[in-house]
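Structure file final37.cif (mmCIF, C-alpha atoms) follows.
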data_work
loop_
_atom_site.label_atom_id
_atom_site.label_comp_id
_atom_site.auth_asym_id
_atom_site.auth_seq_id
_atom_site.Cartn_x
_atom_site.Cartn_y
_atom_site.Cartn_z
CA MET A 137 33.11 96.56 -43.51
CA GLU A 138 32.15 96.35 -39.89
CA ARG A 139 33.04 92.96 -38.24
CA HIS A 140 30.22 91.19 -36.38
CA ILE A 141 31.00 90.49 -32.75
CA PHE A 142 29.31 87.36 -31.34
CA GLY A 143 28.10 86.86 -27.82
CA VAL A 144 29.11 83.70 -25.95
CA ALA A 145 25.60 82.29 -26.16
CA GLU A 146 25.48 83.07 -29.88
CA VAL A 147 28.70 81.17 -30.50
CA ASN A 148 27.49 78.19 -28.51
CA GLN A 149 24.19 78.21 -30.34
CA LEU A 150 25.95 78.46 -33.70
CA VAL A 151 28.15 75.48 -32.86
CA LYS A 152 25.07 73.56 -31.74
CA LEU A 153 23.35 74.28 -35.06
CA LEU A 154 26.42 73.12 -36.96
CA LEU A 155 26.67 69.88 -34.97
CA ASP A 156 22.93 69.19 -35.11
CA GLY A 157 23.04 69.66 -38.85
CA GLU A 158 25.71 67.00 -39.34
CA PRO A 159 23.93 63.62 -40.00
CA LEU A 160 26.99 61.60 -39.00
CA LEU A 161 26.82 63.00 -35.48
CA GLN A 162 23.11 62.29 -34.98
CA ASP A 163 23.53 58.52 -34.83
CA VAL A 164 27.09 57.82 -33.84
CA TYR A 165 28.71 54.78 -32.18
CA VAL A 166 31.70 55.47 -29.95
CA ARG A 167 34.05 52.88 -28.45
CA GLY A 168 35.83 53.73 -25.21
CA GLU A 169 36.48 53.00 -21.56
CA LEU A 170 34.08 54.18 -18.87
CA SER A 171 35.50 56.71 -16.47
CA ASN A 172 34.09 58.85 -13.65
CA TYR A 173 30.73 57.10 -13.92
CA LYS A 174 28.08 58.68 -11.68
CA MET A 175 24.39 57.92 -11.16
CA TYR A 176 22.39 60.77 -9.67
CA PRO A 177 19.17 60.55 -7.65
CA SER A 178 17.34 62.10 -10.60
CA GLY A 179 18.04 58.89 -12.54
CA HIS A 180 20.44 60.56 -15.01
CA HIS A 181 23.86 59.00 -15.61
CA TYR A 182 26.97 61.07 -16.30
CA PHE A 183 30.31 59.60 -17.39
CA THR A 184 33.33 60.01 -19.63
CA LEU A 185 34.42 57.80 -22.51
CA LYS A 186 38.15 57.75 -22.98
CA ASP A 187 40.87 56.05 -24.95
CA PRO A 188 44.66 56.59 -24.90
CA GLU A 189 44.36 59.71 -27.08
CA GLY A 190 41.26 61.52 -25.88
CA ALA A 191 38.12 61.79 -23.75
CA LEU A 192 34.45 62.48 -24.48
CA ARG A 193 31.88 63.67 -21.96
CA CYS A 194 28.59 61.71 -22.03
CA VAL A 195 25.17 61.85 -20.46
CA MET A 196 22.40 59.25 -20.41
CA PHE A 197 19.03 60.51 -19.24
CA ARG A 198 16.75 58.56 -16.95
CA GLY A 199 14.51 57.16 -19.70
CA GLN A 200 17.40 55.58 -21.56
CA ALA A 201 19.25 54.57 -18.37
CA SER A 202 16.23 52.62 -17.10
CA ARG A 203 16.62 50.26 -20.05
CA LEU A 204 20.15 49.23 -19.05
CA ARG A 205 20.32 45.52 -18.23
CA PHE A 206 23.75 45.62 -16.65
CA ARG A 207 25.52 47.83 -14.12
CA PRO A 208 28.13 50.09 -15.77
CA GLU A 209 31.41 50.23 -13.90
CA ASN A 210 34.54 52.36 -14.28
CA GLY A 211 37.13 50.70 -16.46
CA MET A 212 34.57 48.73 -18.45
CA LYS A 213 35.04 48.90 -22.25
CA VAL A 214 31.77 49.74 -23.95
CA ILE A 215 30.22 50.93 -27.18
CA ALA A 216 27.92 53.93 -26.71
CA GLN A 217 25.30 54.99 -29.26
CA GLY A 218 23.74 58.41 -29.41
CA ARG A 219 24.09 61.93 -30.81
CA ILE A 220 26.71 64.60 -30.28
CA THR A 221 25.63 68.15 -29.65
CA VAL A 222 26.41 71.17 -27.51
CA PHE A 223 24.72 72.27 -24.33
CA PRO A 224 24.64 76.04 -25.02
CA ARG A 225 24.84 77.06 -21.40
CA ASP A 226 28.20 75.37 -20.84
CA GLY A 227 29.55 75.56 -24.37
CA ALA A 228 30.87 71.99 -24.14
CA TYR A 229 29.91 69.31 -26.58
CA GLN A 230 29.01 65.84 -25.30
CA LEU A 231 27.49 62.55 -26.35
CA TYR A 232 23.82 62.19 -25.47
CA CYS A 233 23.80 58.41 -25.05
CA ASN A 234 20.79 56.31 -26.05
CA SER A 235 22.27 52.87 -25.42
CA LEU A 236 25.35 51.34 -23.84
CA THR A 237 26.70 47.89 -24.71
CA PRO A 238 29.72 46.12 -23.18
CA GLU A 239 32.34 45.51 -25.82
CA GLY A 240 33.08 41.86 -26.53
CA ALA A 241 29.96 40.60 -24.75
CA GLY A 242 26.28 41.36 -24.82
CA ASP A 243 24.76 43.49 -22.11
CA LEU A 244 22.62 40.55 -20.98
CA ALA A 245 25.69 38.37 -20.54
CA VAL A 246 27.39 41.04 -18.44
CA ALA A 247 24.24 41.60 -16.40
CA PHE A 248 23.97 37.86 -15.81
CA GLU A 249 27.56 37.57 -14.55
CA GLN A 250 27.23 40.65 -12.37
CA LEU A 251 24.06 39.45 -10.67
CA LYS A 252 25.47 35.94 -10.35
CA ALA A 253 28.59 37.25 -8.60
CA LYS A 254 26.53 39.49 -6.32
CA LEU A 255 24.11 36.77 -5.19
CA TYR A 256 26.91 34.23 -4.80
CA ALA A 257 28.75 36.61 -2.49
CA GLU A 258 25.57 37.00 -0.42
CA GLY A 259 25.26 33.23 -0.03
CA LEU A 260 22.06 32.72 -2.05
CA PHE A 261 23.62 29.78 -3.87
CA ASP A 262 24.89 28.05 -0.71
CA PRO A 263 23.92 24.34 -0.70
CA ALA A 264 23.28 24.63 3.05
CA HIS A 265 20.10 26.60 2.25
CA LYS A 266 18.72 23.98 -0.14
CA LYS A 267 15.53 22.32 1.10
CA PRO A 268 14.73 18.67 0.31
CA LEU A 269 11.82 17.91 -1.99
CA PRO A 270 8.84 16.08 -0.43
CA PRO A 271 8.84 12.43 -1.57
CA TYR A 272 5.05 12.23 -2.01
CA PRO A 273 3.59 15.74 -2.48
CA GLU A 274 -0.16 16.10 -2.17
CA ARG A 275 -0.31 19.49 -3.94
CA ILE A 276 2.08 21.00 -6.46
CA ALA A 277 2.06 24.76 -7.17
CA VAL A 278 3.09 25.58 -10.74
CA VAL A 279 4.15 29.19 -11.40
CA THR A 280 4.22 29.65 -15.17
CA SER A 281 2.23 30.89 -18.12
CA SER A 282 -1.18 29.28 -18.54
CA ALA A 283 -0.93 29.63 -22.33
CA GLY A 284 2.45 27.96 -22.85
CA ALA A 285 3.06 24.39 -23.91
CA ALA A 286 5.22 23.84 -20.82
CA VAL A 287 2.31 23.82 -18.39
CA HIS A 288 0.35 21.32 -20.48
CA ASP A 289 3.37 19.02 -20.68
CA MET A 290 3.83 19.19 -16.90
CA ILE A 291 0.16 18.50 -16.16
CA ARG A 292 0.13 15.57 -18.58
CA ILE A 293 3.24 14.02 -17.03
CA LEU A 294 2.04 14.61 -13.46
CA ARG A 295 -1.30 12.95 -14.17
CA ARG A 296 0.41 9.99 -15.78
CA ARG A 297 3.10 9.53 -13.15
CA TYR A 298 1.26 10.36 -9.92
CA PRO A 299 -2.45 11.17 -10.27
CA LEU A 300 -2.83 11.43 -6.48
CA ALA A 301 -1.14 14.86 -6.53
CA LYS A 302 -3.26 17.97 -7.08
CA VAL A 303 -1.83 20.60 -9.42
CA VAL A 304 -2.45 24.25 -8.51
CA LEU A 305 -1.63 26.61 -11.39
CA LEU A 306 -0.61 30.18 -10.54
CA PRO A 307 -0.64 31.83 -14.00
CA VAL A 308 1.92 34.56 -14.62
CA ARG A 309 3.64 36.19 -17.55
CA VAL A 310 7.04 34.65 -18.14
CA GLN A 311 8.62 37.28 -20.38
CA GLY A 312 8.56 41.02 -20.63
CA ALA A 313 8.94 43.78 -18.08
CA GLU A 314 5.87 42.66 -16.10
CA ALA A 315 7.07 39.05 -15.75
CA PRO A 316 9.59 39.31 -12.86
CA PRO A 317 7.22 40.99 -10.33
CA GLU A 318 4.42 38.58 -11.27
CA ILE A 319 6.63 35.50 -10.83
CA ALA A 320 8.03 36.77 -7.52
CA GLY A 321 4.53 37.67 -6.31
CA ALA A 322 3.15 34.23 -7.20
CA ILE A 323 5.96 32.53 -5.25
CA ARG A 324 5.25 34.69 -2.21
CA TYR A 325 1.51 34.00 -2.57
CA ALA A 326 2.11 30.24 -2.68
CA ASN A 327 4.11 30.49 0.55
CA LYS A 328 1.65 32.73 2.35
CA TRP A 329 -1.39 30.55 1.66
CA ARG A 330 0.45 27.21 1.47
CA VAL A 331 -1.21 26.33 -1.81
CA GLY A 332 1.22 23.47 -2.36
CA ASP A 333 3.88 21.29 -0.78
CA VAL A 334 6.40 22.24 -3.47
CA ILE A 335 6.68 24.93 -6.17
CA ILE A 336 7.69 24.50 -9.81
CA THR A 337 8.50 27.73 -11.63
CA GLY A 338 9.74 28.07 -15.18
CA ARG A 339 8.82 28.15 -18.83
CA GLY A 340 9.65 26.51 -22.13
CA GLY A 341 12.66 27.29 -24.25
CA GLY A 342 13.42 30.53 -26.02
CA SER A 343 16.07 33.14 -26.61
CA VAL A 344 18.13 34.72 -23.85
CA GLU A 345 15.75 37.67 -23.90
CA ASP A 346 12.73 35.36 -23.60
CA LEU A 347 14.20 33.67 -20.51
CA TRP A 348 15.46 36.86 -18.93
CA ALA A 349 12.65 37.14 -16.35
CA PHE A 350 14.28 34.22 -14.51
CA ASN A 351 17.55 36.15 -14.34
CA ASP A 352 15.85 38.96 -12.42
CA GLU A 353 17.05 39.69 -8.88
CA ARG A 354 13.46 39.97 -7.59
CA VAL A 355 12.68 36.44 -8.75
CA ALA A 356 15.94 35.12 -7.29
CA ARG A 357 15.24 36.61 -3.87
CA ALA A 358 11.63 35.37 -3.87
CA ILE A 359 12.92 31.83 -4.52
CA TYR A 360 15.55 32.16 -1.79
CA ASP A 361 13.00 33.47 0.74
CA SER A 362 10.51 30.69 -0.05
CA GLU A 363 9.76 28.35 2.83
CA LEU A 364 8.42 25.82 0.34
CA PRO A 365 11.01 23.97 -1.76
CA VAL A 366 11.29 25.40 -5.27
CA ILE A 367 12.20 23.61 -8.51
CA SER A 368 13.50 25.83 -11.32
CA ALA A 369 12.55 24.54 -14.77
CA VAL A 370 13.54 27.10 -17.37
CA GLY A 371 14.09 26.44 -21.07
CA HIS A 372 16.09 23.48 -22.34
CA GLU A 373 19.06 21.53 -21.02
CA PRO A 374 21.77 24.07 -22.03
CA ASP A 375 19.83 27.05 -20.67
CA VAL A 376 21.04 28.23 -17.26
CA THR A 377 19.44 31.07 -15.31
CA ILE A 378 19.97 32.73 -11.96
CA ALA A 379 16.80 30.99 -10.75
CA ASP A 380 18.55 27.64 -11.33
CA PHE A 381 21.35 28.58 -8.95
CA VAL A 382 19.04 29.81 -6.18
CA ALA A 383 16.34 27.12 -6.40
CA ASP A 384 16.39 24.04 -4.19
CA ALA A 385 16.52 21.84 -7.30
CA ARG A 386 17.09 22.46 -11.02
CA ALA A 387 15.26 20.63 -13.77
CA SER A 388 16.65 20.66 -17.29
CA THR A 389 13.15 21.23 -18.72
CA PRO A 390 9.62 21.72 -17.38
CA SER A 391 8.87 18.10 -18.30
CA ASN A 392 11.90 16.99 -16.30
CA ALA A 393 10.61 19.01 -13.33
CA ALA A 394 7.32 17.08 -13.47
CA GLU A 395 9.26 13.81 -13.46
CA MET A 396 11.46 15.01 -10.62
CA VAL A 397 8.75 16.25 -8.25
CA VAL A 398 6.64 13.06 -8.05
CA PRO A 399 7.36 9.34 -8.06
CA ASP A 400 6.31 7.17 -10.98
CA GLN A 401 3.17 5.28 -10.02
CA GLU A 402 4.26 2.24 -12.03
CA ALA A 403 7.63 2.12 -10.31
CA LEU A 404 5.91 2.75 -6.98
CA LYS A 405 3.45 -0.04 -7.69
CA GLN A 406 6.29 -2.42 -8.52
CA TRP A 407 8.09 -1.42 -5.35
CA LEU A 408 4.95 -2.01 -3.26
CA GLU A 409 4.38 -5.37 -4.92
CA GLY A 410 8.00 -6.33 -4.32
CA THR A 411 7.76 -5.21 -0.70
CA ALA A 412 4.51 -7.15 -0.23
CA SER A 413 6.13 -10.23 -1.75
CA ARG A 414 9.14 -9.96 0.55
CA LEU A 415 6.89 -9.46 3.57
CA LYS A 416 4.83 -12.50 2.56
CA LYS A 417 7.95 -14.64 2.19
CA ASN A 418 9.38 -13.42 5.47
CA GLU A 419 6.10 -14.06 7.27
CA ALA A 420 5.81 -17.53 5.73
CA ALA A 421 9.36 -18.34 6.85
CA ARG A 422 8.61 -17.05 10.34
CA LEU A 423 5.43 -19.14 10.57
CA GLU A 424 7.28 -22.23 9.34
CA ALA A 425 9.96 -21.70 11.99
CA LEU A 426 7.26 -21.36 14.66
CA ARG A 427 5.53 -24.47 13.34
CA GLN A 428 8.76 -26.45 13.58
CA ARG A 429 9.38 -25.16 17.06
CA LEU A 430 5.86 -26.13 18.09
CA ALA A 431 6.35 -29.62 16.68
CA SER A 432 9.63 -29.92 18.55
CA LEU A 433 8.01 -28.79 21.78
CA ALA A 434 5.15 -31.22 21.25
CA GLU A 435 7.68 -34.08 21.41
CA LYS A 436 8.92 -32.95 24.80
CA ARG A 437 8.11 -35.43 27.62
CA VAL A 438 6.91 -32.61 29.84
CA LEU A 439 4.12 -31.80 27.37
CA ARG A 440 3.17 -35.41 26.65
CA ASP A 441 3.07 -36.42 30.38
CA HIS A 442 2.82 -33.35 32.53
CA MET A 443 2.94 -35.38 35.81
CA SER A 444 6.32 -36.79 34.82
CA TYR A 445 7.79 -33.34 35.27
CA VAL A 446 6.37 -33.17 38.80
CA GLN A 447 7.67 -36.64 39.59
CA ASP A 448 11.11 -35.76 38.29
CA LYS A 449 11.19 -32.70 40.46
CA ARG A 450 9.94 -34.73 43.40
CA MET A 451 12.83 -37.16 42.96
CA GLU A 452 15.24 -34.27 42.75
CA LEU A 453 13.72 -32.86 45.95
CA LEU A 454 14.11 -36.19 47.75
CA HIS A 455 17.69 -36.43 46.60
CA VAL A 456 18.36 -32.92 47.86
CA GLN A 457 16.64 -33.71 51.17
CA GLN A 458 18.80 -36.82 51.56
CA ARG A 459 21.95 -34.87 50.84
CA LEU A 460 20.90 -32.20 53.31
CA GLY A 461 20.18 -34.87 55.92
CA ASP A 462 23.58 -36.50 55.39
CA LEU A 463 25.29 -33.16 55.55
CA SER A 464 23.45 -32.16 58.74
CA SER A 465 24.17 -35.52 60.42
CA GLY A 466 27.83 -35.25 59.62
CA LEU A 467 27.89 -31.68 60.82
CA VAL A 468 26.20 -32.61 64.14
CA ALA A 469 28.61 -35.50 64.68
CA GLU A 470 31.58 -33.27 64.04
CA LYS A 471 30.25 -30.66 66.48
CA ARG A 472 29.70 -33.33 69.12
CA ARG A 473 33.26 -34.57 68.69
CA GLN A 474 34.56 -31.02 69.04
CA ILE A 475 32.45 -30.52 72.16
CA SER A 476 33.81 -33.76 73.67
CA VAL A 477 37.39 -32.70 73.03
CA LEU A 478 36.79 -29.24 74.47
CA GLY A 479 34.92 -30.73 77.44
CA ALA A 480 37.77 -33.11 78.19
CA ALA A 481 40.27 -30.27 78.01
CA LEU A 482 38.06 -28.14 80.23
CA ASP A 483 37.56 -30.97 82.69
CA ALA A 484 41.29 -31.53 82.88
CA MET A 485 41.75 -27.93 83.84
CA SER A 486 38.92 -27.95 86.42
CA PRO A 487 40.03 -27.03 89.98
CA LEU A 488 37.70 -29.74 91.28
CA LYS A 489 39.98 -32.34 89.74
CA VAL A 490 42.89 -30.77 91.57
CA LEU A 491 40.98 -30.78 94.84
CA GLY A 492 40.14 -34.43 94.32
CA ARG A 493 43.83 -35.24 94.33
CA GLY A 494 44.19 -33.93 97.97
CA TYR A 495 44.60 -30.26 97.44
CA ALA A 496 42.47 -27.57 99.15
CA LEU A 497 41.24 -24.11 98.10
CA ALA A 498 41.50 -21.36 100.72
CA LEU A 499 39.26 -18.28 100.48
CA GLY A 500 39.72 -15.08 102.44
CA PRO A 501 37.01 -13.25 104.41
CA GLU A 502 35.82 -11.52 101.27
CA GLY A 503 35.78 -14.71 99.23
CA THR A 504 39.04 -13.99 97.45
CA ILE A 505 41.42 -16.83 96.70
CA LEU A 506 44.41 -16.91 98.99
CA ARG A 507 47.58 -17.43 97.02
CA THR A 508 50.34 -16.41 99.51
CA TRP A 509 50.70 -16.11 103.28
CA ARG A 510 50.66 -12.37 102.89
CA ASP A 511 46.96 -12.43 101.79
CA VAL A 512 45.81 -13.18 105.42
CA SER A 513 46.47 -11.96 108.89
CA ALA A 514 46.29 -13.69 112.25
CA GLY A 515 42.76 -13.96 113.61
CA GLU A 516 41.04 -13.74 110.23
CA ARG A 517 38.38 -16.28 109.32
CA VAL A 518 39.11 -18.27 106.18
CA SER A 519 37.15 -20.89 104.31
CA VAL A 520 38.84 -24.06 103.06
CA THR A 521 37.29 -26.12 100.25
CA LEU A 522 38.30 -29.78 99.90
CA GLY A 523 37.65 -32.43 97.27
CA GLU A 524 34.51 -33.26 99.25
CA GLY A 525 33.08 -30.51 101.42
CA GLY A 526 35.20 -28.07 103.38
CA PHE A 527 35.49 -26.21 106.67
CA ALA A 528 35.94 -22.75 108.20
CA CYS A 529 38.83 -21.88 110.49
CA THR A 530 40.67 -19.03 112.12
CA VAL A 531 44.24 -18.16 111.22
CA ASP A 532 46.57 -18.42 114.18
CA GLU A 533 49.81 -17.33 112.62
CA PRO A 534 50.65 -16.90 108.91
CA TYR A 535 54.19 -17.93 108.00
CA GLU A 536 56.35 -17.71 104.93
CA LYS A 537 57.88 -21.17 104.86
CA GLU A 538 56.78 -24.54 106.03
CA ARG A 539 58.00 -25.35 109.52
#

This entry written out as structure tokens:
Amino acid sequence: MERHIFGVAEVNQLVKLLLDGEPLLQDVYVRGELSNYKMYPSGHHYFTLKDPEGALRCVMFRGQASRLRFRPENGMKVIAQGRITVFPRDGAYQLYCNSLTPEGAGDLAVAFEQLKAKLYAEGLFDPAHKKPLPPYPERIAVVTSSAGAAVHDMIRILRRRYPLAKVVLLPVRVQGAEAPPEIAGAIRYANKWRVGDVIITGRGGGSVEDLWAFNDERVARAIYDSELPVISAVGHEPDVTIADFVADARASTPSNAAEMVVPDQEALKQWLEGTASRLKKNEAARLEALRQRLASLAEKRVLRDHMSYVQDKRMELLHVQQRLGDLSSGLVAEKRRQISVLGAALDAMSPLKVLGRGYALALGPEGTILRTWRDVSAGERVSVTLGEGGFACTVDEPYEKER
């Protein structure tokens, strides 16, 4: 009997038929660790699942990969679902993966933590970027579904608490694939056209999948880029989304957001009444103080008899004049006494007094005082002044000592 010899392609095709015909391999779940994970520009993902005893090549085509809600990373333990077959051209069997789920945690939980870590590292949660809410908003932009109960609860509370504010509803879908771009677009629209002073975005409660639109990176970045302050109001108190971390304020529920964004008109009215009462009391106290001061001033003598003030000042002026007169008289007397003393001293030193006692004053030809015999020469004319009158003479012979 002649043995059949197979071609390579025939063997690969035969193996493919055998594998494709095995029902267990058409819907198989495989647990392993991601290795050599690569994402190609075509959108296809190629990776290897491995455990301590083996490895399995895997491929996830673009259609299935687009439904991933987390970012696969090398070393991550996952459960892959798909079918095992052979690619005849290469002759290698591999897992054609339809879905990929992190082991021990849901894919949404992993996606949430990954995006949270990424945005935190970029500073989108930094309190320094949080904007204060306006205390008395005139217009409030609400980005939510127009069909949900949340928007009706918010409008009811806003009308009850602060009817002065105008509510501008920007209706969007809040779940499904179309929700994130619609929510982000509505936030950008509200900023571009300034349709409100503050933005509330959110929805009522639901499952993690229902709230997932507010865990989308596009929504988070639209909130962060908003120039208007944004309040995130998603689900119930325990529900936490990425939007809550990025927003300027977080409300536990949509109803809580309505209470947070506006003051309560009753509380505001009480505050105004209390302020008015305090102002009235303060003004009454001020007027009473002024009244008492006026009464006190009315008792002043200067107001009851205005001429008395002039007379008092006149008396003070006379007293000052008298003191000035006394001071000036004393000063003049003292100056006169000083002049007398100085005059007596000057008179005592006067050369005329000396001449009166029998002495004479001799002056040379040039009018200089002659003090010694050397100041003149024989034949010079000198002038002699006496106590009374004087005379002119000619020097016969100067001498040093009296003869």

Calculate how many Å separate CA of His180 (chain A) from CA of Val344 (chain A), rounding to one decimal.
27.4 Å

Which residue gives the smallest distance to Lys254 (chain A) among A:Arg357, A:Arg339, A:Arg324, A:Arg414, with only C-alpha atoms counted?
A:Arg357

List every residue of region 221-330 of chain A that has an atom at most 8 Å from any atom of region 197-200 of chain A, giving for each one its closest atom pair and the distance in Å to one decimal, counting only C-alpha atoms, sorted by chain and then by ascending residue number, as a tab-separated table.
residue	atom	partner	partner_atom	distance
A:Cys233	CA	A:Phe197	CA	7.8
A:Asn234	CA	A:Gln200	CA	5.7
A:Ser235	CA	A:Gln200	CA	6.8

Go ahead and save the residues from that selection, with C-alpha atoms, as an mmCIF file, in the frame of the given file.
data_model
loop_
_atom_site.group_PDB
_atom_site.id
_atom_site.type_symbol
_atom_site.label_atom_id
_atom_site.label_comp_id
_atom_site.auth_asym_id
_atom_site.auth_seq_id
_atom_site.Cartn_x
_atom_site.Cartn_y
_atom_site.Cartn_z
ATOM 1 C CA CYS A 233 23.800 58.410 -25.050
ATOM 2 C CA ASN A 234 20.790 56.310 -26.050
ATOM 3 C CA SER A 235 22.270 52.870 -25.420
#

Of the residues A:Val366, A:Ala228, A:Val518, A:Leu269, which is the one nearest to Gly338 (chain A), using only C-alpha atoms?
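Answer, going by the shortest atom-to-atom distance: A:Val366.
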
Please evaluate the PyMOL selection byres ((chain A and resi 210) around 6) against the structure above and give the resulting residues as a count of residues only.
5

For CA of Ala514 (chain A) and CA of Ala496 (chain A), the interatomic separation in Å (one decimal)
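A separation of 19.5 Å between them.
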
Measure the distance from CA of Val376 (chain A) to CA of Gly342 (chain A) in Å and round it to one decimal.
11.8 Å
